[in-house]
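Visitor: What follows is work_20.cif, mmCIF, C-alpha atoms and all ligand atoms.
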```cif
data_structure
#
loop_
_atom_site.label_atom_id
_atom_site.label_comp_id
_atom_site.auth_asym_id
_atom_site.auth_seq_id
_atom_site.Cartn_x
_atom_site.Cartn_y
_atom_site.Cartn_z
CA MET Y 13 -20.51 -15.03 -6.03
CA GLU Y 14 -19.44 -15.21 -9.67
CA LYS Y 15 -17.89 -18.48 -10.74
CA GLU Y 16 -14.99 -18.70 -13.18
CA PHE Y 17 -13.58 -15.47 -11.81
CA ASN Y 18 -10.08 -15.67 -10.42
CA PRO Y 19 -10.67 -15.06 -6.71
CA PHE Y 20 -7.08 -14.04 -5.97
CA ILE Y 21 -6.87 -10.31 -6.41
CA SER Y 22 -3.36 -9.05 -6.91
CA ALA Y 23 -4.22 -5.48 -7.90
CA GLY Y 24 -6.76 -3.23 -6.24
CA TYR Y 25 -9.70 -4.24 -4.06
CA ARG Y 26 -12.92 -5.97 -5.05
CA GLU Y 27 -15.10 -6.86 -2.08
CA PRO Y 28 -14.82 -8.50 1.37
CA ALA Y 29 -15.20 -12.05 -0.01
CA TYR Y 30 -11.81 -11.74 -1.70
CA PHE Y 31 -10.04 -10.20 1.24
CA CYS Y 32 -8.18 -12.42 3.66
CA ASP Y 33 -8.39 -11.90 7.41
CA ARG Y 34 -7.25 -8.51 8.82
CA LYS Y 35 -10.17 -8.75 11.24
CA GLU Y 36 -8.37 -7.20 14.20
CA GLU Y 37 -6.74 -4.47 12.13
CA SER Y 38 -10.07 -3.64 10.45
CA LYS Y 39 -11.82 -3.44 13.81
CA GLN Y 40 -9.13 -1.22 15.25
CA LEU Y 41 -9.04 1.10 12.25
CA THR Y 42 -12.85 1.32 12.09
CA GLN Y 43 -13.07 2.18 15.79
CA LEU Y 44 -10.45 4.89 15.48
CA MET Y 45 -12.07 6.37 12.42
CA LEU Y 46 -15.56 6.36 13.97
CA ASN Y 47 -14.12 8.16 16.96
CA GLY Y 48 -12.58 10.84 14.81
CA ALA Y 49 -8.92 9.93 15.39
CA ASN Y 50 -6.32 10.68 12.79
CA VAL Y 51 -4.39 7.54 11.92
CA THR Y 52 -1.15 6.70 10.16
CA LEU Y 53 -0.89 3.24 8.67
CA PHE Y 54 2.60 1.79 8.45
CA ALA Y 55 3.75 -1.41 6.78
CA ILE Y 56 6.42 -2.61 4.42
CA ARG Y 57 5.64 -2.42 0.72
CA ARG Y 58 2.83 -4.46 -0.81
CA LEU Y 59 1.66 -5.92 2.48
CA GLY Y 60 -1.88 -4.59 2.20
CA LYS Y 61 -2.17 -1.02 3.51
CA THR Y 62 -4.24 0.28 0.61
CA GLY Y 63 -6.31 -2.91 0.58
CA LEU Y 64 -7.06 -2.53 4.28
CA ILE Y 65 -8.31 1.04 3.80
CA HIS Y 66 -10.67 -0.03 1.00
CA HIS Y 67 -11.82 -2.97 3.13
CA VAL Y 68 -12.58 -0.73 6.10
CA PHE Y 69 -14.33 1.85 3.90
CA TYR Y 70 -16.38 -0.77 2.06
CA PRO Y 71 -19.35 -1.01 4.51
CA TYR Y 72 -19.68 2.79 4.42
CA ARG Y 73 -19.70 3.24 0.66
CA LYS Y 74 -23.40 4.18 0.59
CA ASN Y 75 -23.59 5.70 4.06
CA SER Y 76 -24.62 9.34 3.99
CA LYS Y 77 -23.72 10.07 7.64
CA ILE Y 78 -20.21 8.61 7.61
CA VAL Y 79 -18.60 9.50 4.35
CA CYS Y 80 -15.31 7.80 3.51
CA ILE Y 81 -13.23 9.32 0.75
CA TYR Y 82 -10.07 7.73 -0.61
CA ILE Y 83 -7.45 9.74 -2.50
CA ASP Y 84 -4.18 8.54 -3.96
CA ILE Y 85 -1.87 11.50 -4.43
CA LEU Y 86 1.05 9.71 -6.11
CA ALA Y 87 0.39 11.48 -9.41
CA THR Y 88 0.27 14.98 -7.89
CA ASN Y 89 3.28 17.27 -8.27
CA ASN Y 90 2.35 20.30 -6.22
CA LEU Y 91 -0.11 21.67 -3.69
CA ALA Y 92 -2.53 22.92 -6.36
CA GLU Y 93 -2.75 19.43 -7.85
CA PHE Y 94 -3.31 18.05 -4.35
CA THR Y 95 -6.19 20.50 -3.85
CA ASN Y 96 -7.71 19.57 -7.21
CA GLN Y 97 -7.49 15.89 -6.38
CA LEU Y 98 -9.21 16.57 -3.06
CA ALA Y 99 -11.91 18.67 -4.74
CA THR Y 100 -12.46 16.03 -7.42
CA ALA Y 101 -12.86 13.27 -4.86
CA ILE Y 102 -15.37 15.36 -2.88
CA TYR Y 103 -17.26 16.34 -6.03
CA ASN Y 104 -17.55 12.70 -7.14
CA ARG Y 105 -18.69 11.55 -3.69
CA PHE Y 106 -21.49 14.11 -3.34
CA PRO Y 107 -23.58 14.13 -6.51
CA PRO Y 108 -24.77 17.66 -7.35
CA GLN Y 109 -28.36 16.36 -7.61
CA LYS Y 110 -28.50 16.02 -3.81
CA THR Y 111 -28.84 18.96 -1.40
CA LEU Y 112 -25.36 18.66 0.07
CA GLY Y 113 -23.87 18.12 -3.38
CA LYS Y 114 -25.53 21.37 -4.52
CA LYS Y 115 -24.05 23.24 -1.55
CA ILE Y 116 -20.63 21.80 -2.30
CA MET Y 117 -20.90 22.86 -5.92
CA ASP Y 118 -21.79 26.37 -4.74
CA LEU Y 119 -18.64 26.33 -2.64
CA PHE Y 120 -16.49 25.18 -5.55
CA GLN Y 121 -17.98 27.93 -7.76
CA ARG Y 122 -15.98 30.42 -5.67
CA PHE Y 123 -12.83 28.95 -7.14
CA ARG Y 124 -14.02 29.03 -10.76
CA PRO Y 125 -13.81 25.28 -11.40
CA VAL Y 126 -13.22 23.73 -14.80
CA ILE Y 127 -14.80 20.30 -15.08
CA SER Y 128 -13.35 17.81 -17.53
CA PHE Y 129 -14.21 14.18 -18.18
CA ASP Y 130 -11.82 11.27 -18.44
CA GLU Y 131 -11.99 10.01 -22.01
CA LEU Y 132 -11.96 6.36 -21.02
CA THR Y 133 -13.96 6.25 -17.81
CA GLY Y 134 -16.10 9.35 -18.20
CA ILE Y 135 -15.35 10.24 -14.58
CA PRO Y 136 -15.33 14.00 -14.05
CA SER Y 137 -12.38 15.83 -12.58
CA LEU Y 138 -12.30 19.31 -11.14
CA SER Y 139 -9.65 21.92 -11.65
CA LEU Y 140 -9.96 24.95 -9.40
CA THR Y 141 -8.40 28.29 -10.21
CA ILE Y 142 -5.53 28.63 -7.77
CA GLN Y 143 -2.59 30.90 -8.41
CA THR Y 144 -0.63 31.35 -5.21
CA THR Y 145 0.28 29.21 -2.21
CA ALA Y 146 -1.75 31.55 0.00
CA GLN Y 147 -4.79 31.09 -2.24
CA ASN Y 148 -4.21 27.38 -2.13
CA GLU Y 149 -4.08 27.29 1.65
CA ASN Y 150 -7.24 29.34 1.78
CA THR Y 151 -9.00 26.99 -0.66
CA ILE Y 152 -8.10 23.88 1.32
CA GLY Y 153 -9.16 25.67 4.49
CA GLN Y 154 -12.55 26.65 3.06
CA ILE Y 155 -13.23 23.15 1.73
CA PHE Y 156 -12.46 21.51 5.09
CA GLN Y 157 -14.33 24.19 7.05
CA PHE Y 158 -17.39 23.75 4.90
CA LEU Y 159 -17.46 19.95 5.27
CA ASP Y 160 -16.79 20.23 8.99
CA GLU Y 161 -19.91 22.32 9.43
CA GLN Y 162 -22.24 19.77 7.80
CA ASN Y 163 -24.08 17.23 9.86
CA ILE Y 164 -21.88 14.33 8.76
CA LYS Y 165 -18.62 12.61 9.60
CA VAL Y 166 -16.03 12.58 6.85
CA VAL Y 167 -12.98 10.33 6.79
CA PHE Y 168 -10.32 11.05 4.21
CA ALA Y 169 -7.74 8.40 3.42
CA ILE Y 170 -4.76 10.01 1.76
CA ASP Y 171 -2.62 7.34 0.17
CA GLU Y 172 0.97 7.81 -1.01
CA PHE Y 173 1.06 10.75 1.39
CA GLN Y 174 4.88 10.92 1.28
CA GLN Y 175 4.40 12.50 -2.16
CA ILE Y 176 3.93 15.89 -0.42
CA LEU Y 177 7.67 15.85 0.27
CA GLU Y 178 8.21 16.14 -3.49
CA TYR Y 179 6.13 19.30 -3.84
CA PRO Y 180 7.97 22.56 -4.50
CA GLU Y 181 5.99 24.15 -1.62
CA LYS Y 182 8.27 23.14 1.20
CA ASN Y 183 5.72 24.15 3.84
CA THR Y 184 3.05 21.68 2.67
CA GLU Y 185 3.25 19.68 5.89
CA ALA Y 186 2.75 22.78 8.00
CA ILE Y 187 -0.12 24.01 5.81
CA LEU Y 188 -1.98 20.70 6.01
CA ARG Y 189 -1.34 20.24 9.70
CA THR Y 190 -2.65 23.74 10.45
CA GLN Y 191 -5.74 23.19 8.33
CA ILE Y 192 -6.71 19.89 9.87
CA GLN Y 193 -5.92 20.25 13.53
CA PHE Y 194 -9.12 22.01 14.56
CA LEU Y 195 -11.58 19.98 12.50
CA LYS Y 196 -14.28 18.33 14.60
CA ASN Y 197 -16.09 16.08 12.15
CA ILE Y 198 -13.34 15.28 9.70
CA SER Y 199 -10.56 12.81 10.30
CA PHE Y 200 -7.75 11.36 8.25
CA ILE Y 201 -5.98 8.11 7.53
CA PHE Y 202 -2.51 8.70 6.14
CA CYS Y 203 -0.67 5.97 4.39
CA GLY Y 204 2.18 5.59 1.92
CA SER Y 205 4.36 3.04 0.22
CA ASN Y 206 7.63 4.70 1.20
CA GLN Y 207 8.02 3.85 4.88
CA LYS Y 208 11.15 5.88 5.38
CA MET Y 209 9.54 9.08 4.15
CA MET Y 210 6.36 8.36 6.08
CA HIS Y 211 8.39 7.91 9.27
CA GLU Y 212 10.15 11.20 8.58
CA ILE Y 213 6.82 13.01 8.31
CA PHE Y 214 5.11 11.48 11.32
CA ASN Y 215 7.82 10.40 13.74
CA SER Y 216 10.32 13.20 13.62
CA ALA Y 217 10.00 15.52 16.61
CA LYS Y 218 10.95 18.56 14.53
CA ARG Y 219 8.13 18.22 12.02
CA PRO Y 220 4.51 19.49 12.01
CA PHE Y 221 2.79 16.08 12.03
CA PHE Y 222 4.82 14.71 14.94
CA ALA Y 223 2.64 12.92 17.51
CA SER Y 224 -0.52 14.11 15.76
CA CYS Y 225 -1.81 10.66 14.76
CA THR Y 226 -2.38 7.20 16.15
CA ASN Y 227 0.04 4.83 14.45
CA ILE Y 228 -1.09 1.42 13.26
CA SER Y 229 1.57 -1.02 12.08
CA LEU Y 230 0.43 -3.75 9.79
CA GLY Y 231 2.15 -7.12 10.06
CA PHE Y 232 1.93 -10.31 8.04
CA ILE Y 233 -1.34 -12.22 7.76
CA ASN Y 234 -1.42 -15.25 10.05
CA GLU Y 235 -0.39 -18.45 8.25
CA ASN Y 236 -3.44 -20.51 9.27
CA GLU Y 237 -5.79 -17.69 8.29
CA TYR Y 238 -4.12 -17.43 4.90
CA LYS Y 239 -4.20 -21.18 4.29
CA THR Y 240 -7.88 -21.34 5.25
CA PHE Y 241 -8.63 -18.47 2.88
CA ILE Y 242 -6.77 -20.06 -0.04
CA LEU Y 243 -8.35 -23.46 0.58
CA LYS Y 244 -11.81 -21.89 0.73
CA LYS Y 245 -11.37 -20.03 -2.55
CA PHE Y 246 -10.23 -23.20 -4.32
CA ASN Y 247 -13.05 -25.28 -2.80
CA GLU Y 248 -15.70 -22.68 -3.66
CA ASN Y 249 -14.68 -23.14 -7.26
CA ASP Y 250 -14.93 -26.95 -7.05
CA ARG Y 251 -11.18 -27.46 -6.85
CA THR Y 252 -8.98 -29.14 -4.28
CA ILE Y 253 -5.61 -28.07 -2.96
CA THR Y 254 -3.39 -30.25 -0.78
CA ASP Y 255 -1.84 -29.25 2.56
CA GLU Y 256 1.65 -29.68 1.03
CA CYS Y 257 0.71 -27.32 -1.74
CA LEU Y 258 -0.52 -24.73 0.80
CA ASP Y 259 2.68 -25.18 2.84
CA PHE Y 260 4.80 -24.66 -0.24
CA ILE Y 261 3.01 -21.41 -1.15
CA CYS Y 262 3.35 -19.95 2.35
CA LYS Y 263 7.05 -20.82 2.56
CA PHE Y 264 7.86 -19.67 -0.96
CA THR Y 265 6.23 -16.25 -0.54
CA GLN Y 266 7.05 -15.93 3.17
CA LEU Y 267 3.38 -14.91 3.55
CA HIS Y 268 4.08 -11.53 2.00
CA THR Y 269 0.56 -10.57 0.87
CA PHE Y 270 1.21 -9.44 -2.69
CA TYR Y 271 3.50 -12.38 -3.50
CA THR Y 272 1.07 -14.87 -1.96
CA GLN Y 273 -1.90 -13.40 -3.81
CA TYR Y 274 -0.04 -13.39 -7.10
CA PHE Y 275 1.19 -16.95 -6.62
CA CYS Y 276 -2.37 -18.14 -5.98
CA PHE Y 277 -3.61 -16.10 -8.92
CA ILE Y 278 -1.24 -17.93 -11.28
CA LEU Y 279 -1.87 -21.34 -9.73
CA PHE Y 280 -5.64 -20.83 -9.96
CA SER Y 281 -5.39 -19.63 -13.55
CA LYS Y 282 -3.98 -23.04 -14.52
CA ASN Y 283 -7.53 -24.32 -14.11
CA LYS Y 284 -6.59 -27.60 -12.44
CA LYS Y 285 -9.24 -29.52 -10.52
CA GLU Y 286 -6.64 -30.90 -8.10
CA ASN Y 287 -3.74 -28.79 -6.97
CA THR Y 288 -0.74 -30.56 -5.52
CA ILE Y 289 2.80 -29.67 -4.54
CA GLU Y 290 3.93 -30.44 -8.11
CA ASP Y 291 1.57 -27.75 -9.38
CA ALA Y 292 2.93 -25.34 -6.79
CA ARG Y 293 6.52 -26.10 -7.86
CA GLU Y 294 5.62 -25.60 -11.49
CA THR Y 295 3.89 -22.30 -10.66
CA ALA Y 296 6.98 -21.12 -8.78
CA LEU Y 297 9.16 -21.86 -11.79
CA ASN Y 298 6.71 -20.15 -14.14
CA ILE Y 299 6.71 -17.01 -12.00
CA LEU Y 300 10.49 -16.87 -11.76
CA GLN Y 301 10.81 -17.40 -15.52
CA LEU Y 302 8.23 -14.68 -16.20
CA ASN Y 303 10.23 -12.23 -14.10
CA GLU Y 304 13.68 -13.31 -15.17
CA SER Y 305 14.34 -10.51 -17.64
CA SER Y 306 13.65 -7.86 -15.01
CA TYR Y 307 16.00 -9.64 -12.59
CA PHE Y 308 18.75 -9.53 -15.19
CA GLN Y 309 18.03 -5.84 -15.55
CA TYR Y 310 18.51 -5.39 -11.79
CA LYS Y 311 21.81 -7.18 -12.12
CA ASN Y 312 22.94 -4.85 -14.88
CA LEU Y 313 21.88 -1.75 -12.98
CA LEU Y 314 23.80 -2.66 -9.82
CA THR Y 315 27.55 -2.62 -9.28
CA THR Y 316 29.22 -6.01 -8.81
CA SER Y 317 29.68 -5.28 -5.14
CA GLN Y 318 25.99 -4.31 -4.69
CA TRP Y 319 24.88 -7.42 -6.59
CA ASN Y 320 27.07 -9.68 -4.44
CA ILE Y 321 25.67 -8.14 -1.27
CA LEU Y 322 22.14 -8.60 -2.58
CA CYS Y 323 22.85 -12.27 -3.36
CA ALA Y 324 24.30 -12.78 0.12
CA ILE Y 325 21.19 -11.28 1.75
CA ALA Y 326 18.92 -13.36 -0.50
CA LYS Y 327 20.73 -16.53 0.52
CA GLU Y 328 20.61 -15.70 4.22
CA GLU Y 329 16.97 -14.48 3.92
CA LYS Y 330 17.36 -12.42 7.13
CA VAL Y 331 20.58 -10.56 7.91
CA TYR Y 332 20.94 -9.14 11.40
CA GLN Y 333 24.53 -7.87 11.26
CA PRO Y 334 25.64 -7.21 7.70
CA GLN Y 335 28.95 -5.73 8.79
CA SER Y 336 29.90 -8.68 10.99
CA LYS Y 337 33.09 -10.55 10.16
CA LYS Y 338 31.14 -13.75 9.61
CA PHE Y 339 28.82 -12.28 6.98
CA VAL Y 340 31.56 -10.35 5.19
CA THR Y 341 33.94 -13.31 4.98
CA THR Y 342 31.37 -16.05 4.26
CA TYR Y 343 30.23 -14.20 1.16
CA GLN Y 344 33.63 -12.61 0.33
CA LEU Y 345 32.26 -9.10 0.35
CA GLY Y 346 35.55 -7.27 0.94
CA THR Y 347 35.40 -5.00 3.96
CA PRO Y 348 32.62 -3.94 6.38
CA GLY Y 349 32.95 -0.42 4.91
CA LEU Y 350 32.23 -1.68 1.41
CA VAL Y 351 29.26 -3.64 2.68
CA LYS Y 352 27.91 -0.54 4.43
CA LYS Y 353 28.18 1.49 1.21
CA GLY Y 354 26.53 -1.23 -0.86
CA MET Y 355 23.73 -1.73 1.68
CA ASP Y 356 22.99 2.00 1.69
CA ALA Y 357 22.65 1.97 -2.09
CA LEU Y 358 20.39 -1.11 -2.02
CA LEU Y 359 18.23 0.44 0.68
CA LYS Y 360 17.93 3.67 -1.27
CA LYS Y 361 16.90 1.79 -4.39
CA GLU Y 362 14.36 -0.11 -2.22
CA ILE Y 363 15.72 -3.50 -3.30
CA ILE Y 364 16.32 -4.50 0.29
CA PHE Y 365 14.64 -3.17 3.40
CA TYR Y 366 15.36 -2.89 7.08
CA ASN Y 367 12.59 -4.41 9.14
CA SER Y 368 12.76 -2.35 12.31
CA GLY Y 369 9.27 -3.22 13.48
CA VAL Y 370 10.40 -6.40 15.25
CA GLU Y 371 12.33 -7.09 18.46
CA THR Y 372 15.59 -7.82 16.62
CA PRO Y 373 15.61 -5.79 13.39
CA TYR Y 374 17.06 -7.30 10.23
CA TYR Y 375 17.62 -6.71 6.52
CA GLU Y 376 15.91 -8.70 3.80
CA VAL Y 377 15.22 -8.62 0.08
CA TYR Y 378 12.01 -6.78 -0.72
CA ASP Y 379 10.89 -8.82 -3.71
CA LYS Y 380 10.30 -12.40 -2.55
CA TYR Y 381 10.42 -13.73 -6.10
CA LEU Y 382 13.79 -12.05 -6.72
CA MET Y 383 15.02 -13.62 -3.48
CA ARG Y 384 13.91 -17.08 -4.64
CA TRP Y 385 15.38 -16.54 -8.11
CA ILE Y 386 18.78 -15.72 -6.62
CA GLN Y 387 18.56 -18.76 -4.35
CA TYR Y 388 17.73 -21.11 -7.22
CA LYS Y 389 20.39 -19.77 -9.56
N1 LIG E 401 -5.96 -9.08 3.20
C1 LIG E 401 -5.82 -9.28 1.90
N2 LIG E 401 -6.40 -10.34 1.29
C2 LIG E 401 -6.25 -10.55 -0.02
N3 LIG E 401 -5.51 -9.79 -0.82
C3 LIG E 401 -4.90 -8.72 -0.28
C4 LIG E 401 -5.01 -8.41 1.10
N4 LIG E 401 -4.29 -7.29 1.35
C5 LIG E 401 -3.76 -6.94 0.18
N5 LIG E 401 -4.11 -7.78 -0.80
C6 LIG E 401 -3.66 -7.77 -2.19
O1 LIG E 401 -2.27 -7.58 -2.22
C7 LIG E 401 -1.96 -6.51 -3.12
C8 LIG E 401 -1.00 -5.57 -2.41
O2 LIG E 401 -1.72 -4.92 -1.40
P1 LIG E 401 -1.79 -3.33 -1.27
O3 LIG E 401 -1.70 -2.66 -2.57
O4 LIG E 401 -2.95 -3.03 -0.40
O5 LIG E 401 -0.44 -3.12 -0.46
P2 LIG E 401 0.23 -1.78 0.01
O6 LIG E 401 0.81 -2.06 1.35
O7 LIG E 401 -0.71 -0.65 -0.11
O8 LIG E 401 1.39 -1.65 -1.09
P3 LIG E 401 2.31 -0.36 -1.39
O9 LIG E 401 3.31 -0.32 -0.27
O10 LIG E 401 2.96 -0.69 -2.71
O11 LIG E 401 1.42 0.83 -1.44
C9 LIG E 401 -3.27 -5.80 -3.44
O12 LIG E 401 -3.42 -5.59 -4.80
C10 LIG E 401 -4.35 -6.70 -2.96
O13 LIG E 401 -4.97 -7.28 -4.09
MG MG E 402 -0.56 1.10 -1.24
#
```
Write the structure described by the file as structure tokens, please.
Ligand SMILES: Nc1ncnc2c1ncn2[C@@H]1O[C@H](COP(=O)(O)OP(=O)(O)OP(=O)(O)O)[C@@H](O)[C@H]1O
Ligand SMILES: [Mg+2]
Guide:
Amino acid sequence: MEKEFNPFISAGYREPAYFCDRKEESKQLTQLMLNGANVTLFAIRRLGKTGLIHHVFYPYRKNSKIVCIYIDILATNNLAEFTNQLATAIYNRFPPQKTLGKKIMDLFQRFRPVISFDELTGIPSLSLTIQTTAQNENTIGQIFQFLDEQNIKVVFAIDEFQQILEYPEKNTEAILRTQIQFLKNISFIFCGSNQKMMHEIFNSAKRPFFASCTNISLGFINENEYKTFILKKFNENDRTITDECLDFICKFTQLHTFYTQYFCFILFSKNKKENTIEDARETALNILQLNESSYFQYKNLLTTSQWNILCAIAKEEKVYQPQSKKFVTTYQLGTPGLVKKGMDALLKKEIIFYNSGVETPYYEVYDKYLMRWIQYK
């Protein structure tokens, strides 16, 4: 392993050595994918859905019998762009020098592809000639059919899948569902950062994808696992970290993956041989100061009532009954009706979220650093 490299990844995925735990979830997802099940991965924002997919795909990156292809469709605006993204990912995974790659290129030739190269990375992208929705459906169908007939298993992970709800083609869900339901050797992992939209697509009885996938819900990483991981990464780099320091980190970030990773990233970047609770406190202050201007922006973008509700939730950390007399009067929020209106706006702006994946659901502030900033102010 490289030394001097910050081992706390807070953007993207590197390799298993930098990935904490998720053993059970990885095993479960791998088993489902090897058995050809379609899976939907649910979790609150920044908890590690995308990371988990990359982690599960990692051992198969050079496997020619089980081919794992990851696509992020956030930047696509319509079905044709979706198809091009799909085609590009397939094209890049099967080099045209190999037999299967040649066959795939022959298939793409039917759709008169234009190949362009990214100026910075040099990675090619494919643009197929597609004019109508019917043509588009046919193209997707032919691509999947072709791959399904090869002697391989293909697993597509489609990230930010809720983006299809933004396409002008309102029947995208139906088109995709129809195309994929009879595939024998191709399966899918669907995932997205907007839980509400993802639930609408997969858990609404009136919609095409209803009950078509196995749902996996991702929770928080176990505290002891996380502490062991952090300790190991510090020790591997000839540094120490005290138990109090580890406790502080886990409490401060409430074990939310992104916030924990980022905290450790900053702490590690201070290059201290010994890391104590004082260093953790200093790191916390640094992070809050770094983010302060964006928190002031939040404040300016919200109404006074919304801001007061947000502050009340931040102080409580978990709010079970926001319209209760106790909550409304303790924080002088006016009336339950006003609170309801404010909460709806905060939920829509994704500043707070409703954790319904637990026995007693509750509301909390999404951004753990914003929550701490409000508490300290
Ligand atoms: N198990 C893990 N160990 C170490 N770091 C992780 C782990 N899971 C995720 N991360 C880190 O946390 C960051 C956030 O994770 P990720 O992007 O996978 O979350 P997400 O649930 O896909 O977020 P979003 O809802 O925004 O799509 C990642 O950049 C990654 O570096
Ligand atoms: Mg993600």
Visitor: Set the distance at 7 Å and use all atoms listed in the file: which residues neighbour region 353-369 of chain Y once local chain neighbours fewer than 6 positions away are removed? I'd like the list as number ranges by chain.
Guide: Y: 317-318, 321, 375-378
Visitor: Neighbouring residues of Thr288 (chain Y) were defined as those with any atom within 7 Å, considering all atoms listed in the file; residues of the same chain fewer than 4 positions away were excluded. Please report them as a VMD selection string.
Guide: chain Y and resid 253 to 254 257 292
Visitor: Give me, as a tab-separated table, each residue of chain Y that comes within 10 Å of ligand MG 402 (chain E), together with its shortest interatomic pair and the distance in Å at one decimal, counting only C-alpha atoms and all ligand atoms, with rows ordered by chain and rising residue number.
Guide:
```
residue	atom	partner	partner_atom	distance
Y:Gly24	CA	E:MG402	MG	9.1
Y:Ala55	CA	E:MG402	MG	9.4
Y:Ile56	CA	E:MG402	MG	9.7
Y:Arg57	CA	E:MG402	MG	7.4
Y:Arg58	CA	E:MG402	MG	6.5
Y:Leu59	CA	E:MG402	MG	8.2
Y:Gly60	CA	E:MG402	MG	6.8
Y:Lys61	CA	E:MG402	MG	5.4
Y:Thr62	CA	E:MG402	MG	4.2
Y:Gly63	CA	E:MG402	MG	7.2
Y:Leu64	CA	E:MG402	MG	9.3
Y:Ile65	CA	E:MG402	MG	9.2
Y:Asp84	CA	E:MG402	MG	8.7
Y:Asp171	CA	E:MG402	MG	6.7
Y:Glu172	CA	E:MG402	MG	6.9
Y:Cys203	CA	E:MG402	MG	7.4
Y:Gly204	CA	E:MG402	MG	6.1
Y:Ser205	CA	E:MG402	MG	5.5
Y:Asn206	CA	E:MG402	MG	9.3
```
Visitor: Filtering to C-alpha atoms, could you give me those residues as an mmCIF file, in the coordinates of the input?
Guide:
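Generated output (part.cif):
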```
data_model
loop_
_atom_site.group_PDB
_atom_site.id
_atom_site.type_symbol
_atom_site.label_atom_id
_atom_site.label_comp_id
_atom_site.auth_asym_id
_atom_site.auth_seq_id
_atom_site.Cartn_x
_atom_site.Cartn_y
_atom_site.Cartn_z
ATOM 1 C CA GLY Y 24 -6.760 -3.230 -6.240
ATOM 2 C CA ALA Y 55 3.750 -1.410 6.780
ATOM 3 C CA ILE Y 56 6.420 -2.610 4.420
ATOM 4 C CA ARG Y 57 5.640 -2.420 0.720
ATOM 5 C CA ARG Y 58 2.830 -4.460 -0.810
ATOM 6 C CA LEU Y 59 1.660 -5.920 2.480
ATOM 7 C CA GLY Y 60 -1.880 -4.590 2.200
ATOM 8 C CA LYS Y 61 -2.170 -1.020 3.510
ATOM 9 C CA THR Y 62 -4.240 0.280 0.610
ATOM 10 C CA GLY Y 63 -6.310 -2.910 0.580
ATOM 11 C CA LEU Y 64 -7.060 -2.530 4.280
ATOM 12 C CA ILE Y 65 -8.310 1.040 3.800
ATOM 13 C CA ASP Y 84 -4.180 8.540 -3.960
ATOM 14 C CA ASP Y 171 -2.620 7.340 0.170
ATOM 15 C CA GLU Y 172 0.970 7.810 -1.010
ATOM 16 C CA CYS Y 203 -0.670 5.970 4.390
ATOM 17 C CA GLY Y 204 2.180 5.590 1.920
ATOM 18 C CA SER Y 205 4.360 3.040 0.220
ATOM 19 C CA ASN Y 206 7.630 4.700 1.200
#
```
Visitor: Let me have the centre and edge lengths of the axis-aligned box enclosing all listed atoms of ligand LIG 401 (chain E) with 8 Å padding on every side, in Å to one decimal, as JSON.
Guide:
```
{"center_x": -1.5, "center_y": -4.9, "center_z": -0.8, "size_x": 25.7, "size_y": 27.4, "size_z": 24.0}
```
Visitor: From the list Y:Lys74, Y:Phe123, Y:Leu350, Y:Ala146, which residue is nearest Ala99 (chain Y) when using all atoms listed in the file?
Guide: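 With all atoms listed in the file as the atom set, the closest residue is Y:Phe123.
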Visitor: Which of these, Y:Leu345, Y:Leu91, Y:Ile289, Y:Met210, has the shortest distance to ligand LIG 401 (chain E) once you count only C-alpha atoms and all ligand atoms?
Guide: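 Result for the nearest residue to ligand LIG 401 (chain E): Y:Met210.
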Visitor: Would you kindly return, as a PDB file with C-alpha atoms, in the coordinates of the input, each protein, DNA or RNA residue with an atom no farther than 12 Å from any atom of Thr184 (chain Y), considering all atoms listed in the file and excluding same-chain residues fewer than 5 positions away?
Guide:
```pdb
ATOM      1  CA  ASN Y  89       3.280  17.270  -8.270  1.00  0.00           C
ATOM      2  CA  ASN Y  90       2.350  20.300  -6.220  1.00  0.00           C
ATOM      3  CA  LEU Y  91      -0.110  21.670  -3.690  1.00  0.00           C
ATOM      4  CA  ALA Y  92      -2.530  22.920  -6.360  1.00  0.00           C
ATOM      5  CA  PHE Y  94      -3.310  18.050  -4.350  1.00  0.00           C
ATOM      6  CA  THR Y  95      -6.190  20.500  -3.850  1.00  0.00           C
ATOM      7  CA  THR Y 145       0.280  29.210  -2.210  1.00  0.00           C
ATOM      8  CA  ALA Y 146      -1.750  31.550   0.000  1.00  0.00           C
ATOM      9  CA  ASN Y 148      -4.210  27.380  -2.130  1.00  0.00           C
ATOM     10  CA  GLU Y 149      -4.080  27.290   1.650  1.00  0.00           C
ATOM     11  CA  ILE Y 152      -8.100  23.880   1.320  1.00  0.00           C
ATOM     12  CA  PHE Y 173       1.060  10.750   1.390  1.00  0.00           C
ATOM     13  CA  GLN Y 174       4.880  10.920   1.280  1.00  0.00           C
ATOM     14  CA  GLN Y 175       4.400  12.500  -2.160  1.00  0.00           C
ATOM     15  CA  ILE Y 176       3.930  15.890  -0.420  1.00  0.00           C
ATOM     16  CA  LEU Y 177       7.670  15.850   0.270  1.00  0.00           C
ATOM     17  CA  GLU Y 178       8.210  16.140  -3.490  1.00  0.00           C
ATOM     18  CA  TYR Y 179       6.130  19.300  -3.840  1.00  0.00           C
ATOM     19  CA  ARG Y 189      -1.340  20.240   9.700  1.00  0.00           C
ATOM     20  CA  THR Y 190      -2.650  23.740  10.450  1.00  0.00           C
ATOM     21  CA  GLN Y 191      -5.740  23.190   8.330  1.00  0.00           C
ATOM     22  CA  ILE Y 213       6.820  13.010   8.310  1.00  0.00           C
ATOM     23  CA  ARG Y 219       8.130  18.220  12.020  1.00  0.00           C
ATOM     24  CA  PRO Y 220       4.510  19.490  12.010  1.00  0.00           C
ATOM     25  CA  PHE Y 221       2.790  16.080  12.030  1.00  0.00           C
TER      26      PHE Y 221
END
```
